[in-house]
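Reproduced below: model.cif, with mmCIF, C-alpha atoms.
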```cif
data_my_file
#
loop_
_atom_site.group_PDB
_atom_site.id
_atom_site.type_symbol
_atom_site.label_atom_id
_atom_site.label_comp_id
_atom_site.auth_asym_id
_atom_site.auth_seq_id
_atom_site.Cartn_x
_atom_site.Cartn_y
_atom_site.Cartn_z
ATOM 1 C CA MET A 1 -62.508 4.213 120.048
ATOM 2 C CA THR A 2 -64.256 2.874 116.949
ATOM 3 C CA SER A 3 -63.262 -0.262 115.082
ATOM 4 C CA CYS A 4 -62.002 1.910 112.201
ATOM 5 C CA GLU A 5 -59.730 3.838 114.579
ATOM 6 C CA VAL A 6 -58.415 0.598 116.093
ATOM 7 C CA ARG A 7 -57.691 -0.744 112.600
ATOM 8 C CA ALA A 8 -55.937 2.489 111.592
ATOM 9 C CA ASN A 9 -53.771 2.320 114.732
ATOM 10 C CA LEU A 10 -52.864 -1.316 114.021
ATOM 11 C CA VAL A 11 -51.969 -0.533 110.392
ATOM 12 C CA HIS A 12 -49.835 2.403 111.546
ATOM 13 C CA ALA A 13 -48.030 0.278 114.166
ATOM 14 C CA LEU A 14 -47.397 -2.484 111.621
ATOM 15 C CA GLY A 15 -46.038 0.074 109.146
ATOM 16 C CA LEU A 16 -43.645 1.437 111.771
ATOM 17 C CA ASP A 17 -42.346 -2.077 112.466
ATOM 18 C CA LEU A 18 -41.975 -3.111 108.826
ATOM 19 C CA ILE A 19 -40.930 0.009 106.905
ATOM 20 C CA GLY A 20 -40.197 2.723 109.439
ATOM 21 C CA PRO A 21 -41.470 6.199 110.260
ATOM 22 C CA ASP A 22 -43.869 8.124 108.095
ATOM 23 C CA LYS A 23 -44.087 11.800 107.243
ATOM 24 C CA GLY A 24 -44.764 14.008 110.224
ATOM 25 C CA GLY A 25 -44.411 11.198 112.750
ATOM 26 C CA ASP A 26 -42.533 11.458 116.028
ATOM 27 C CA LEU A 27 -39.853 9.087 114.719
ATOM 28 C CA GLN A 28 -39.056 10.760 111.390
ATOM 29 C CA ASP A 29 -35.606 11.818 112.731
ATOM 30 C CA GLU A 30 -34.966 8.574 114.613
ATOM 31 C CA VAL A 31 -31.572 7.210 115.582
ATOM 32 C CA LEU A 32 -31.319 3.421 115.361
ATOM 33 C CA PRO A 33 -28.979 1.277 117.485
ATOM 34 C CA GLN A 34 -28.241 -0.958 114.480
ATOM 35 C CA SER A 35 -28.346 -0.892 110.694
ATOM 36 C CA PRO A 36 -31.805 -0.153 109.179
ATOM 37 C CA SER A 37 -31.523 -3.430 107.247
ATOM 38 C CA ARG A 38 -31.533 -5.262 110.590
ATOM 39 C CA TRP A 39 -34.091 -3.019 112.280
ATOM 40 C CA TYR A 40 -36.826 -3.122 109.605
ATOM 41 C CA LEU A 41 -38.086 -6.196 107.792
ATOM 42 C CA THR A 42 -38.820 -4.370 104.540
ATOM 43 C CA GLY A 43 -39.222 -0.930 103.077
ATOM 44 C CA PHE A 44 -35.669 0.012 102.176
ATOM 45 C CA LEU A 45 -33.842 0.199 98.876
ATOM 46 C CA VAL A 46 -30.157 0.453 98.067
ATOM 47 C CA PRO A 47 -29.085 2.380 94.947
ATOM 48 C CA LEU A 48 -28.029 0.089 92.116
ATOM 49 C CA ASP A 49 -24.644 1.807 91.790
ATOM 50 C CA ALA A 50 -23.942 1.748 95.544
ATOM 51 C CA GLY A 51 -20.650 0.324 96.769
ATOM 52 C CA GLU A 52 -20.427 -3.407 97.433
ATOM 53 C CA SER A 53 -20.437 -2.810 101.198
ATOM 54 C CA GLN A 54 -23.901 -1.212 100.881
ATOM 55 C CA LYS A 55 -25.424 -3.748 98.477
ATOM 56 C CA GLY A 56 -25.759 -6.615 100.907
ATOM 57 C CA ASP A 57 -25.388 -7.924 104.401
ATOM 58 C CA ASP A 58 -22.110 -9.753 104.999
ATOM 59 C CA THR A 59 -23.492 -11.198 108.205
ATOM 60 C CA GLY A 60 -26.781 -12.206 106.614
ATOM 61 C CA ASN A 61 -27.280 -15.915 106.299
ATOM 62 C CA GLU A 62 -30.153 -17.309 104.322
ATOM 63 C CA ASN A 63 -30.865 -20.607 106.007
ATOM 64 C CA VAL A 64 -33.634 -21.680 103.683
ATOM 65 C CA ASP A 65 -31.910 -24.998 102.947
ATOM 66 C CA GLU A 66 -31.522 -26.029 106.568
ATOM 67 C CA ALA A 67 -33.783 -28.806 107.759
ATOM 68 C CA GLY A 68 -36.064 -28.205 110.678
ATOM 69 C CA ASP A 69 -36.843 -30.597 113.511
ATOM 70 C CA SER A 70 -37.679 -33.831 111.746
ATOM 71 C CA ALA A 71 -38.606 -35.713 114.953
ATOM 72 C CA GLY A 72 -36.172 -38.562 114.241
ATOM 73 C CA LEU A 73 -37.212 -39.131 110.631
ATOM 74 C CA GLU A 74 -33.606 -38.836 109.409
ATOM 75 C CA ASP A 75 -30.633 -40.992 110.423
ATOM 76 C CA HIS A 76 -28.057 -38.244 109.937
ATOM 77 C CA THR A 77 -27.579 -34.577 110.565
ATOM 78 C CA PRO A 78 -27.878 -32.605 107.316
ATOM 79 C CA GLU A 79 -24.946 -30.413 106.354
ATOM 80 C CA PRO A 80 -25.598 -26.723 106.954
ATOM 81 C CA ALA A 81 -26.385 -24.595 103.941
ATOM 82 C CA ALA A 82 -23.605 -22.439 102.570
ATOM 83 C CA ALA A 83 -23.743 -18.901 103.911
ATOM 84 C CA ARG A 84 -24.746 -16.489 101.156
ATOM 85 C CA ARG A 85 -24.435 -12.751 101.046
ATOM 86 C CA ALA A 86 -28.016 -11.489 101.235
ATOM 87 C CA PRO A 87 -28.447 -8.790 98.559
ATOM 88 C CA PHE A 88 -30.608 -5.790 99.343
ATOM 89 C CA PRO A 89 -33.305 -4.678 96.887
ATOM 90 C CA SER A 90 -32.433 -1.844 94.521
ATOM 91 C CA SER A 91 -35.781 -1.084 92.923
ATOM 92 C CA MET A 92 -39.522 -1.225 93.328
ATOM 93 C CA GLY A 93 -42.306 -1.064 90.795
ATOM 94 C CA LEU A 94 -45.697 0.534 90.577
ATOM 95 C CA SER A 95 -48.191 0.146 87.751
ATOM 96 C CA LEU A 96 -51.133 2.414 87.145
ATOM 97 C CA HIS A 97 -53.667 3.266 84.472
ATOM 98 C CA LEU A 98 -53.894 6.827 83.186
ATOM 99 C CA PRO A 99 -56.306 8.424 80.746
ATOM 100 C CA ALA A 100 -55.089 8.406 77.143
ATOM 101 C CA ALA A 101 -55.079 12.221 77.198
ATOM 102 C CA ALA A 102 -52.615 12.406 80.127
ATOM 103 C CA ARG A 103 -49.337 14.111 79.191
ATOM 104 C CA GLN A 104 -47.573 14.275 82.546
ATOM 105 C CA VAL A 105 -47.624 12.665 85.952
ATOM 106 C CA ARG A 106 -46.946 14.286 89.318
ATOM 107 C CA VAL A 107 -44.746 12.107 91.518
ATOM 108 C CA VAL A 108 -44.059 12.593 95.213
ATOM 109 C CA VAL A 109 -40.998 10.625 96.303
ATOM 110 C CA ALA A 110 -40.606 10.367 100.084
ATOM 111 C CA TRP A 111 -37.861 8.437 101.850
ATOM 112 C CA GLY A 112 -35.435 8.510 104.721
ATOM 113 C CA ASP A 113 -31.668 8.535 104.348
ATOM 114 C CA TYR A 114 -29.748 6.739 107.100
ATOM 115 C CA ARG A 115 -26.167 7.740 107.912
ATOM 116 C CA ARG A 116 -23.810 6.013 110.316
ATOM 117 C CA LEU A 117 -22.955 7.965 113.442
ATOM 118 C CA GLU A 118 -19.680 7.054 115.082
ATOM 119 C CA GLU A 119 -20.011 7.518 118.808
ATOM 120 C CA GLY A 120 -18.126 6.712 121.962
ATOM 121 C CA VAL A 121 -18.823 3.436 123.724
ATOM 122 C CA ALA A 122 -20.553 5.090 126.695
ATOM 123 C CA GLU A 123 -24.004 3.980 125.557
ATOM 124 C CA VAL A 124 -25.214 0.380 125.531
ATOM 125 C CA ASP A 125 -27.597 -1.466 123.235
ATOM 126 C CA GLU A 126 -30.667 -3.472 124.296
ATOM 127 C CA SER A 127 -28.503 -6.491 125.184
ATOM 128 C CA GLY A 128 -26.283 -4.444 127.509
ATOM 129 C CA LYS A 129 -23.269 -4.423 125.173
ATOM 130 C CA PRO A 130 -21.477 -1.168 124.343
ATOM 131 C CA ALA A 131 -23.058 0.535 121.327
ATOM 132 C CA SER A 132 -20.486 2.245 119.149
ATOM 133 C CA VAL A 133 -22.388 2.718 115.896
ATOM 134 C CA ARG A 134 -25.819 4.235 115.495
ATOM 135 C CA TRP A 135 -27.826 5.228 112.429
ATOM 136 C CA GLN A 136 -29.431 8.675 112.024
ATOM 137 C CA ARG A 137 -32.484 9.024 109.780
ATOM 138 C CA THR A 138 -33.040 12.176 107.759
ATOM 139 C CA PRO A 139 -36.517 12.444 106.224
ATOM 140 C CA ARG A 140 -36.484 13.384 102.540
ATOM 141 C CA ARG A 141 -39.184 14.368 100.058
ATOM 142 C CA GLU A 142 -39.172 15.575 96.471
ATOM 143 C CA GLU A 143 -42.078 16.409 94.168
ATOM 144 C CA MET A 144 -41.649 16.035 90.438
ATOM 145 C CA SER A 145 -43.872 16.708 87.424
ATOM 146 C CA LEU A 146 -42.690 14.364 84.715
ATOM 147 C CA PRO A 147 -43.709 14.302 81.070
ATOM 148 C CA LEU A 148 -45.119 10.958 80.028
ATOM 149 C CA PRO A 149 -43.013 9.432 77.282
ATOM 150 C CA SER A 150 -44.659 7.846 74.294
ATOM 151 C CA ALA A 151 -44.756 4.080 74.209
ATOM 152 C CA GLY A 152 -41.245 2.764 73.855
ATOM 153 C CA PRO A 153 -38.196 2.233 76.023
ATOM 154 C CA PRO A 154 -38.280 3.322 79.685
ATOM 155 C CA VAL A 155 -37.187 6.895 80.455
ATOM 156 C CA ALA A 156 -35.239 7.594 83.667
ATOM 157 C CA HIS A 157 -35.508 10.836 85.664
ATOM 158 C CA ASP A 158 -33.075 11.585 88.501
ATOM 159 C CA VAL A 159 -34.741 12.538 91.788
ATOM 160 C CA PRO A 160 -33.211 15.870 92.851
ATOM 161 C CA HIS A 161 -31.030 15.887 95.981
ATOM 162 C CA SER A 162 -31.294 12.107 96.389
ATOM 163 C CA ASP A 163 -27.804 10.709 95.831
ATOM 164 C CA GLY A 164 -28.909 8.410 93.038
ATOM 165 C CA LEU A 165 -32.651 7.758 93.224
ATOM 166 C CA GLN A 166 -34.449 7.644 89.903
ATOM 167 C CA VAL A 167 -38.042 7.476 88.751
ATOM 168 C CA VAL A 168 -38.256 5.413 85.574
ATOM 169 C CA LEU A 169 -41.372 5.743 83.421
ATOM 170 C CA SER A 170 -42.466 3.107 80.963
ATOM 171 C CA VAL A 171 -45.660 3.635 79.001
ATOM 172 C CA ARG A 172 -47.547 0.797 77.383
ATOM 173 C CA PRO A 173 -50.935 1.187 75.719
ATOM 174 C CA VAL A 174 -53.726 -0.961 77.099
#
```
So that I can check it, write out the structure of this file as structure tokens.
Amino acid sequence: MTSCEVRANLVHALGLDLIGPDKGGDLQDEVLPQSPSRWYLTGFLVPLDAGESQKGDDTGNENVDEAGDSAGLEDHTPEPAAARRAPFPSSMGLSLHLPAAARQVRVVVAWGDYRRLEEGVAEVDESGKPASVRWQRTPRREEMSLPLPSAGPPVAHDVPHSDGLQVVLSVRPV
């Protein structure tokens, strides 16, 4: 195996751990034993108009204010930080340069929808506890040819069959 192949395998493995399966992979129809927000470190978006239960993690606790081991430098134990609901991201951005003569852009939007599966408690999770909720991934993909708007306010285009995804174009001359 060449060094380029080793690097490609490492990048692929890292991508699987961080953002999930890719198109055509063995895991594109995966079933997760816990919520995708807990399984993957990044790579998921929640629609802006989603219900409050989908917009954040009630059990998430950002402990950024907690002090680490200070090796006896403090006389007292600091109070724990207040638990905060960790909001999930609802958008991502991408900037690119196009020729001045360009009038449209072809966009391929690929994602996976995860739906809760209610199951019996016969199965167990990795810790040996009964697993009653699992998450099924459905790979999705839509291609769109979008007219480029003239410079001005952003223009939103709904992604077909996506339950709320949008591609928003904003053109600014350079």
Within 12 Å of (-50.0, 9.5, 87.6), all atoms listed in the file: residues as a VMD selection string?
chain A and resid 94 to 108 144 to 148 169 to 171
Using the chain letters and residue numbers of this document, give as a PDB file with C-alpha atoms, in the frame of the given file the residues selected by the PyMOL selection byres ((chain A and resi 19-35) around 8).
```pdb
ATOM      1  CA  GLY A  15     -46.038   0.074 109.146  1.00  0.00           C
ATOM      2  CA  LEU A  16     -43.645   1.437 111.771  1.00  0.00           C
ATOM      3  CA  ASP A  17     -42.346  -2.077 112.466  1.00  0.00           C
ATOM      4  CA  LEU A  18     -41.975  -3.111 108.826  1.00  0.00           C
ATOM      5  CA  PRO A  36     -31.805  -0.153 109.179  1.00  0.00           C
ATOM      6  CA  SER A  37     -31.523  -3.430 107.247  1.00  0.00           C
ATOM      7  CA  ARG A  38     -31.533  -5.262 110.590  1.00  0.00           C
ATOM      8  CA  TRP A  39     -34.091  -3.019 112.280  1.00  0.00           C
ATOM      9  CA  TYR A  40     -36.826  -3.122 109.605  1.00  0.00           C
ATOM     10  CA  LEU A  41     -38.086  -6.196 107.792  1.00  0.00           C
ATOM     11  CA  THR A  42     -38.820  -4.370 104.540  1.00  0.00           C
ATOM     12  CA  GLY A  43     -39.222  -0.930 103.077  1.00  0.00           C
ATOM     13  CA  PHE A  44     -35.669   0.012 102.176  1.00  0.00           C
ATOM     14  CA  GLY A 112     -35.435   8.510 104.721  1.00  0.00           C
ATOM     15  CA  ASP A 125     -27.597  -1.466 123.235  1.00  0.00           C
ATOM     16  CA  ALA A 131     -23.058   0.535 121.327  1.00  0.00           C
ATOM     17  CA  VAL A 133     -22.388   2.718 115.896  1.00  0.00           C
ATOM     18  CA  ARG A 134     -25.819   4.235 115.495  1.00  0.00           C
ATOM     19  CA  TRP A 135     -27.826   5.228 112.429  1.00  0.00           C
ATOM     20  CA  GLN A 136     -29.431   8.675 112.024  1.00  0.00           C
ATOM     21  CA  ARG A 137     -32.484   9.024 109.780  1.00  0.00           C
ATOM     22  CA  THR A 138     -33.040  12.176 107.759  1.00  0.00           C
ATOM     23  CA  PRO A 139     -36.517  12.444 106.224  1.00  0.00           C
TER      24      PRO A 139
END
```
Would you work out the distance separating atom CA of A:Pro153 from atom CA of A:Gly51, expressed in Å to one decimal?
27.2 Å
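Each of A:Val109, A:Val155, A:Val168, A:Leu117 was compared to A:Gly93 using all atoms listed in the file, and A:Val168 turns out to be the nearest.
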Atom CA of A:Arg141 sits from atom CA of A:Gly164 at a separation of 13.8 Å
At what distance in Å, to one decimal, does atom CA of A:Asp113 lie from atom CA of A:Leu45?
10.2 Å
Compile the contact shell of A:Val167 as an MDAnalysis selection string: residues with an atom at most 7 Å away, counting all atoms listed in the file, same-chain residues fewer than 3 positions apart removed.
chainID A and resid 156:159
